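Chemist: Dumping the structure here so I can ask a few things about it.
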Amino acid sequence: MNDRNNTIAGWVLFAGIVALGASIVTGEMYKGERPETMGYPIEGVVEEGAGGEAEKPIAFFLQTADAAKGEAQFKKCAACHTIDAGGANGIGPALFGTLGKPIAGHAGFAYSDALKGVGGTWGWDNMSAWLANPKRFAPGTKMAFAGLSNPQDRADLLLFLNSKGGTLTVPPPPAEDAPAAGEDAAKADAEASSTAEKAEDVPVVPGAEEGRGKGDADAQGR
Ligand code: HEC
């Protein structure tokens with residue numbers, strides 16, 4: 001008899017522990033955070049600026065560029081290029097006096113048709129694009145270099161290259177509020193889709209499905 005009472009008491013205790021544990025777990029699960037602004041996010045509106053942010057123009061990074069750091073960067077190039085006045089062509093063309101001069105213009109170097117076909121002169125922007133990704137800039141180039149993805153590294157290097165016979169002057173800083181290409185379009189898109197969603201909502205019963213679901217969750221959480 002006593003034994004049985006103990007068994008029953010044990011089960012009751014056990015059940016209590018399980019119930020307590022379960023309530024802690026569900027409490028964690030349903031702990032609703034009250035949002036700053038009520039309502040539910042409309043897809044495509046909140047996403048603005050999330051990821052894929054356009055890189056700032058190289059002029060921005062040139063403002064704080066450091067030619068000494070650029071000289072260190074140039075170690076990555078030195079296997080194929082000379083940079084000092086009178087330097088010889090190697091695997092790549094001599095680079096003294098390249099910025100401000102015609103693309104593929106160093107005498108005595110056999111450039112690829114890809115680079116010869118680009119045309120124009122080397123400036124800050126096209127040199128930055130070339131060094132970021134030579135194969136994208138001139139598909140078929142024979143410069144076997146993956147590219148420098150960090151824009152500040154490129155700006156440092158550009159300043160160093162320009163100090164070696166280049167003729168360019170550092171551009172003024174780009175206007176702060178100038179929106180990066182594509183940003184305006186994205187904003188317009190977002191606005192268009194938000195008005196479209198609202199328009200669709202009008203004929204539907206007030207308090208769309210998602211809105212009600214949210215209310216329920218809140219009620220459980222409190
Ligand atoms: C593996 C060898 C190699 C490395 C490393 C290399 N280059 Fe080159 N580079 C070349 C070759 C080859 C060409 C000619 C490309 C062509 O004709 O398509 C070239 C072309 C160039 C040109 C065009 C010059 C002109 O006269 O128009 C520039 C500028 C240049 N390289 C800069 C650099 C810089 C800066 C680095 C380092 C970040 C670098 N390269 C790393 C081989 C290299």
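Each chain of the structure tokens is named A, B, ... in the order shown, its residues numbered from 1; ligands are numbered from 1 in display order.
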Applying 12 Å and only C-alpha atoms, which residues near A:Ala129 remain after dropping the ones on its own chain fewer than 4 positions away? List them as a list in words.
Modeler: Glu55, Pro57, Ile58, Trp122, Gly123, Trp124, Asp125, Asn133, Pro134, Lys135, Arg136, Phe137, Ala138, Gly147, Leu148, Ser149, Asn150, Pro151, Arg154, Ala155 and Leu158 of chain A
Chemist: Kindly export the residues of the current selection with C-alpha atoms, as an mmCIF file, in the first residue's frame.
Modeler:
data_model
loop_
_atom_site.group_PDB
_atom_site.id
_atom_site.type_symbol
_atom_site.label_atom_id
_atom_site.label_comp_id
_atom_site.auth_asym_id
_atom_site.auth_seq_id
_atom_site.Cartn_x
_atom_site.Cartn_y
_atom_site.Cartn_z
ATOM 1 C CA GLU A 55 30.423 50.112 -54.672
ATOM 2 C CA PRO A 57 33.200 55.355 -57.188
ATOM 3 C CA ILE A 58 36.991 55.055 -57.029
ATOM 4 C CA TRP A 122 43.896 55.033 -68.963
ATOM 5 C CA GLY A 123 42.029 57.090 -66.337
ATOM 6 C CA TRP A 124 41.128 56.445 -62.703
ATOM 7 C CA ASP A 125 37.868 54.666 -63.419
ATOM 8 C CA ASN A 133 38.921 42.177 -62.762
ATOM 9 C CA PRO A 134 41.151 42.175 -65.857
ATOM 10 C CA LYS A 135 39.218 39.360 -67.518
ATOM 11 C CA ARG A 136 35.900 41.150 -67.189
ATOM 12 C CA PHE A 137 37.368 44.449 -68.403
ATOM 13 C CA ALA A 138 39.037 42.928 -71.456
ATOM 14 C CA GLY A 147 42.191 41.153 -59.681
ATOM 15 C CA LEU A 148 42.078 43.252 -56.525
ATOM 16 C CA SER A 149 38.589 43.204 -55.074
ATOM 17 C CA ASN A 150 39.220 45.716 -52.288
ATOM 18 C CA PRO A 151 38.562 49.232 -53.644
ATOM 19 C CA ARG A 154 43.068 49.613 -55.749
ATOM 20 C CA ALA A 155 42.993 53.310 -54.887
ATOM 21 C CA LEU A 158 46.418 53.715 -58.530
#
Chemist: Find the nearest atom pair between each residue of chain A and ligand 1 for residues within 7 Å, count only C-alpha atoms and all ligand atoms, give distances in Å to one decimal, sort rows by chain and ascending number, and present the table as CSV.
Modeler:
residue,atom,partner,partner_atom_place_in_ligand_line,distance
A:Gln73,CA,ligand 1,38 (C),6.7
A:Phe74,CA,ligand 1,37 (C),5.5
A:Lys76,CA,ligand 1,37 (C),5.0
A:Cys77,CA,ligand 1,37 (C),3.4
A:Ala78,CA,ligand 1,5 (C),6.8
A:Ala79,CA,ligand 1,5 (C),5.9
A:Cys80,CA,ligand 1,2 (C),4.4
A:His81,CA,ligand 1,7 (N),6.3
A:Ile91,CA,ligand 1,12 (C),5.3
A:Gly92,CA,ligand 1,11 (C),3.7
A:Pro93,CA,ligand 1,26 (O),5.8
A:Leu95,CA,ligand 1,24 (C),6.2
A:Thr98,CA,ligand 1,26 (O),6.1
A:Pro102,CA,ligand 1,27 (O),6.8
A:Ile103,CA,ligand 1,27 (O),3.9
A:Ala104,CA,ligand 1,27 (O),3.4
A:Gly105,CA,ligand 1,26 (O),5.0
A:His106,CA,ligand 1,26 (O),5.0
A:Ala110,CA,ligand 1,17 (O),6.6
A:Tyr111,CA,ligand 1,17 (O),3.3
A:Ser112,CA,ligand 1,17 (O),3.8
A:Asp113,CA,ligand 1,18 (O),6.9
A:Ala114,CA,ligand 1,18 (O),5.8
A:Leu115,CA,ligand 1,18 (O),4.7
A:Met127,CA,ligand 1,29 (C),6.7
A:Leu131,CA,ligand 1,38 (C),6.2
A:Gly140,CA,ligand 1,18 (O),6.9
A:Thr141,CA,ligand 1,18 (O),3.4
A:Lys142,CA,ligand 1,18 (O),4.1
A:Met143,CA,ligand 1,11 (C),3.6
A:Ala144,CA,ligand 1,1 (C),4.5
A:Phe145,CA,ligand 1,5 (C),5.1
A:Gly147,CA,ligand 1,38 (C),6.8
A:Leu148,CA,ligand 1,38 (C),6.8
A:Leu157,CA,ligand 1,35 (C),6.9
Chemist: Quick one: residues within 8 Å of stretch 86-89 of chain A, only C-alpha atoms counted, chain neighbours fewer than 6 positions away excluded, as a JSON list (two decimals) with N, CA and C atoms, in the first residue's frame?
Modeler:
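Everything below was put into part.json:
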[["chain", "number", "residue", "atom", "x", "y", "z"],
["A", 95, "LEU", "N", 55.34, 49.65, -66.97],
["A", 95, "LEU", "CA", 54.17, 50.44, -66.55],
["A", 95, "LEU", "C", 54.49, 51.90, -66.24],
["A", 96, "PHE", "N", 55.77, 52.31, -66.38],
["A", 96, "PHE", "CA", 56.06, 53.72, -66.11],
["A", 96, "PHE", "C", 55.28, 54.59, -67.10],
["A", 108, "GLY", "N", 56.80, 48.32, -78.31],
["A", 108, "GLY", "CA", 57.59, 47.10, -78.21],
["A", 108, "GLY", "C", 56.94, 45.99, -77.41],
["A", 109, "PHE", "N", 55.70, 46.16, -76.99],
["A", 109, "PHE", "CA", 55.05, 45.06, -76.29],
["A", 109, "PHE", "C", 53.94, 44.49, -77.16]]
Chemist: Give me the residues within 10 Å of stretch 59-70 of chain A as a VMD selection string, counting only C-alpha atoms and dropping any in the same chain fewer than 5 places off.
Modeler: chain A and resid 75 124 to 125 128 151 to 163 170 to 176
